[in-house]
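Structure data (compact mmCIF, C-alpha atoms and all ligand atoms) from work-v5.txt:
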# COMPACT_ATOMS: atom_id res chain seq x y z
CA MET G 1 -55.36 10.60 -73.16
CA THR G 2 -52.64 8.54 -74.75
CA SER G 3 -49.16 8.04 -73.43
CA GLN G 4 -46.87 10.88 -74.43
CA VAL G 5 -43.83 8.68 -74.29
CA SER G 6 -43.67 6.40 -77.31
CA PRO G 7 -41.09 3.65 -77.00
CA ARG G 8 -38.63 2.84 -79.76
CA SER G 9 -38.93 -0.88 -79.12
CA THR G 10 -42.70 -1.23 -79.48
CA ARG G 11 -42.62 -5.02 -79.38
CA ALA G 12 -40.89 -5.23 -76.01
CA TYR G 13 -43.23 -2.55 -74.69
CA GLU G 14 -46.36 -4.36 -75.93
CA HIS G 15 -45.04 -7.63 -74.51
CA VAL G 16 -44.74 -6.14 -71.03
CA LEU G 17 -48.23 -4.58 -71.24
CA GLU G 18 -49.79 -7.86 -72.42
CA HIS G 19 -48.12 -9.74 -69.61
CA LEU G 20 -49.33 -7.25 -66.98
CA ARG G 21 -52.87 -7.24 -68.41
CA ALA G 22 -52.95 -11.05 -68.26
CA LYS G 23 -51.95 -10.78 -64.61
CA ARG G 24 -54.74 -8.24 -64.08
CA VAL G 25 -52.30 -5.51 -63.12
CA ARG G 26 -53.97 -2.13 -63.58
CA ILE G 27 -52.43 -0.21 -66.50
CA THR G 28 -52.28 3.50 -65.77
CA GLU G 29 -50.83 6.26 -67.94
CA THR G 30 -47.87 6.64 -65.59
CA ARG G 31 -47.30 2.90 -65.61
CA LYS G 32 -47.20 2.95 -69.41
CA ALA G 33 -44.81 5.90 -69.34
CA ILE G 34 -42.45 4.18 -66.93
CA ILE G 35 -42.47 0.96 -68.97
CA ALA G 36 -41.79 2.93 -72.17
CA TYR G 37 -38.98 4.81 -70.44
CA MET G 38 -37.35 1.59 -69.24
CA VAL G 39 -37.70 -0.15 -72.61
CA ASP G 40 -36.04 2.81 -74.32
CA SER G 41 -33.35 3.60 -71.78
CA LYS G 42 -29.82 2.90 -72.91
CA GLU G 43 -28.63 3.88 -69.46
CA HIS G 44 -29.18 2.19 -66.14
CA PRO G 45 -31.23 4.86 -64.39
CA SER G 46 -31.96 5.33 -60.69
CA VAL G 47 -35.51 5.96 -59.41
CA GLU G 48 -34.61 9.64 -58.98
CA LYS G 49 -33.40 9.92 -62.59
CA ILE G 50 -36.58 8.34 -64.02
CA TYR G 51 -38.70 10.57 -61.80
CA LYS G 52 -36.85 13.72 -62.89
CA ASP G 53 -37.07 12.83 -66.59
CA LEU G 54 -40.80 11.98 -66.55
CA LEU G 55 -41.99 14.72 -64.20
CA PRO G 56 -42.38 17.40 -66.93
CA LEU G 57 -44.77 15.07 -68.80
CA TYR G 58 -46.53 13.73 -65.70
CA PRO G 59 -46.52 16.55 -63.12
CA SER G 60 -48.85 14.71 -60.72
CA MET G 61 -46.54 11.69 -60.50
CA SER G 62 -44.72 11.07 -57.23
CA LEU G 63 -41.37 9.44 -56.53
CA ALA G 64 -43.25 6.67 -54.71
CA THR G 65 -45.31 5.99 -57.86
CA VAL G 66 -42.14 5.50 -59.88
CA TYR G 67 -40.70 3.26 -57.19
CA ASN G 68 -43.86 1.14 -56.92
CA ASN G 69 -44.08 0.75 -60.69
CA LEU G 70 -40.47 -0.38 -60.88
CA LYS G 71 -41.13 -2.88 -58.12
CA VAL G 72 -43.94 -4.45 -60.18
CA LEU G 73 -41.59 -4.71 -63.17
CA VAL G 74 -38.85 -6.23 -61.00
CA ASP G 75 -41.31 -8.73 -59.49
CA GLU G 76 -42.48 -9.76 -62.97
CA GLY G 77 -38.89 -10.23 -64.13
CA PHE G 78 -38.77 -7.44 -66.72
CA VAL G 79 -36.46 -5.15 -64.82
CA GLU G 80 -33.39 -5.97 -62.78
CA GLU G 81 -32.09 -4.08 -59.80
CA ILE G 82 -28.39 -3.33 -59.92
CA LYS G 83 -26.60 -2.69 -56.67
CA ILE G 84 -23.00 -1.62 -56.89
CA THR G 85 -20.31 -1.96 -54.24
CA ASN G 86 -19.77 1.30 -52.31
CA ASP G 87 -22.84 2.96 -53.89
CA SER G 88 -26.13 3.15 -51.98
CA THR G 89 -28.16 3.98 -55.12
CA THR G 90 -30.15 1.21 -56.80
CA TYR G 91 -30.03 1.29 -60.60
CA TYR G 92 -32.65 -0.26 -62.86
CA ASP G 93 -32.16 -2.18 -66.07
CA PHE G 94 -34.75 -3.40 -68.56
CA MET G 95 -33.77 -6.96 -69.42
CA GLY G 96 -35.03 -7.10 -73.00
CA HIS G 97 -32.08 -9.26 -73.98
CA ASP G 98 -29.54 -11.41 -72.17
CA HIS G 99 -26.59 -9.30 -71.18
CA ILE G 100 -24.08 -8.72 -68.46
CA ASN G 101 -23.62 -5.28 -66.94
CA ILE G 102 -20.14 -3.88 -66.51
CA VAL G 103 -19.56 -1.15 -63.94
CA CYS G 104 -16.62 1.24 -64.23
CA GLU G 105 -14.84 1.19 -60.87
CA SER G 106 -13.56 4.68 -61.49
CA CYS G 107 -16.60 6.73 -62.69
CA GLY G 108 -19.50 4.38 -61.92
CA LYS G 109 -20.80 4.22 -65.49
CA ILE G 110 -22.74 1.03 -66.32
CA VAL G 111 -22.70 -0.46 -69.81
CA ASP G 112 -24.09 -3.64 -71.37
CA PHE G 113 -21.97 -6.49 -72.54
CA MET G 114 -24.08 -8.13 -75.25
CA ASP G 115 -24.60 -11.54 -76.80
CA VAL G 116 -23.50 -13.55 -73.84
CA GLU G 117 -24.53 -17.16 -73.78
CA LEU G 118 -26.16 -17.08 -70.37
CA LEU G 119 -27.81 -20.34 -71.34
CA ASP G 120 -24.43 -22.06 -71.19
CA ILE G 121 -23.93 -20.85 -67.63
CA SER G 122 -27.38 -22.16 -66.66
CA LYS G 123 -26.57 -25.52 -68.26
CA GLU G 124 -23.22 -25.70 -66.52
CA ALA G 125 -24.83 -24.77 -63.19
CA TYR G 126 -27.38 -27.56 -63.62
CA GLU G 127 -24.72 -30.10 -64.48
CA GLN G 128 -22.67 -29.21 -61.43
CA THR G 129 -25.42 -28.61 -58.85
CA GLN G 130 -28.71 -29.93 -60.39
CA PHE G 131 -30.19 -26.50 -59.71
CA LYS G 132 -32.61 -25.28 -62.36
CA ILE G 133 -31.56 -21.67 -62.88
CA THR G 134 -34.51 -19.29 -62.93
CA LYS G 135 -32.59 -16.05 -62.69
CA LEU G 136 -28.99 -15.13 -63.28
CA GLN G 137 -27.48 -11.91 -62.00
CA LEU G 138 -23.99 -11.13 -63.13
CA LEU G 139 -22.17 -7.89 -62.57
CA ALA G 140 -18.68 -7.27 -63.88
CA TYR G 141 -16.38 -4.50 -62.67
CA GLY G 142 -13.70 -2.80 -64.75
CA ILE G 143 -12.24 0.48 -65.94
CA CYS G 144 -14.04 2.16 -68.87
CA PRO G 145 -12.03 3.39 -71.92
CA GLU G 146 -12.39 7.07 -70.91
CA CYS G 147 -11.07 6.38 -67.43
CA GLN G 148 -8.24 4.26 -68.86
CA LYS G 149 -7.21 7.28 -70.94
CA LYS G 150 -7.40 9.60 -67.93
CA GLN G 151 -5.24 7.21 -65.92
CA GLU G 152 -2.67 7.06 -68.71
CA ASN G 153 -2.50 10.85 -68.90
CA HIS G 154 -1.79 11.04 -65.18
CA ARG G 155 1.24 8.81 -65.53
ZN ZN C 201 -15.09 5.25 -66.12
ZN ZN C 202 -27.77 -3.48 -68.67
Output the structure of this file as structure tokens.
Ligand SMILES: [Zn+2]
Ligand SMILES: [Zn+2]
Amino acid sequence: MTSQVSPRSTRAYEHVLEHLRAKRVRITETRKAIIAYMVDSKEHPSVEKIYKDLLPLYPSMSLATVYNNLKVLVDEGFVEEIKITNDSTTYYDFMGHDHINIVCESCGKIVDFMDVELLDISKEAYEQTQFKITKLQLLAYGICPECQKKQENHR
């Protein structure tokens, strides 16, 4: 049986699989599906959302399976956990490219802010502290355009 979820970004998907194979991580059909889902996702889904979306294709999959698979991807640095102030849900983000996440303080939507020179921040951090940066987690908060409009209408 082949995976029923085919990712749009095949290169990123293959890269993750190669990396996991090299680390002798067992590649199951559900693992492939979850990787493909994360590579393709334009959103920042929760475990529950991923589970709900994949369940029709993989009826034997459990919530714990999804969670454990995400944990492997987080541990290997492919996926980042996003925790938002005043929200107990953990959201997951495939870090295929350097970006900063912006959270709308009003509706909770998370979007990517692209093409950020995270390298510059790492360099600056090293110059100031002599720390070699291995991981950089930035989360910005703001008000999304839709919520800005809503707020204006209420004035
Ligand atoms: Zn909003
Ligand atoms: Zn993101």
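The coordinates place atom CA of G:Ile82 at 21.1 Å from atom CA of G:Ala33.
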- Nearby polymer residues, ligand ZN 202 (chain C), at most 12 Å, only C-alpha atoms and all ligand atoms, as JSON, numbers by chain: {"G": [38, 39, 40, 41, 42, 43, 44, 45, 78, 79, 80, 81, 82, 91, 92, 93, 94, 95, 96, 97, 98, 99, 100, 101, 102, 103, 109, 110, 111, 112, 113, 114, 115, 137, 138, 139, 140]}
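Atom CA of G:Asp120 lies 26.5 Å from atom CA of G:Cys144.
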- For G:Leu54, please output as JSON, numbers by chain all residues within 9 Å (counting all atoms listed in the file; exclusion window: fewer than 2 positions along the same chain). {"G": [5, 30, 33, 34, 37, 49, 50, 51, 52, 56, 57, 58, 59, 61]}
- Query: By how many Å are atom CA of G:Ala36 and atom CA of G:Leu17 apart?
  - Reply: 9.9 Å
- May I have the protein, DNA and RNA residues with any atom at most 9 Å from the point (-14.4, 6.4, -68.3), counting only C-alpha atoms, written as number ranges by chain? G: 104, 106-109, 143-150
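Distances here use all atoms listed in the file; by that measure, the residue among G:Glu105, G:Tyr141, G:Asn86, G:Tyr67 closest to ligand ZN 201 (chain C) is G:Glu105.
Residue nearest G:His15, chosen from G:Thr28, G:Val74, G:Ile35, G:Gln151 and counting all atoms listed in the file: G:Ile35.
Between G:Glu29 and the residues G:Thr85, G:Ser46, G:Ala12, G:Asn69, the shortest atom-to-atom distance, using all atoms listed in the file, involves G:Asn69.
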- Between G:Glu48, G:Glu76, G:Ala125, G:Arg24, which has the minimum distance to G:Ala64 (counting all atoms listed in the file)? G:Glu48
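The closest residue to ligand ZN 201 (chain C), picked from G:Thr10, G:Val25, G:Val72, G:Gly142 and counting all atoms listed in the file, is G:Gly142.
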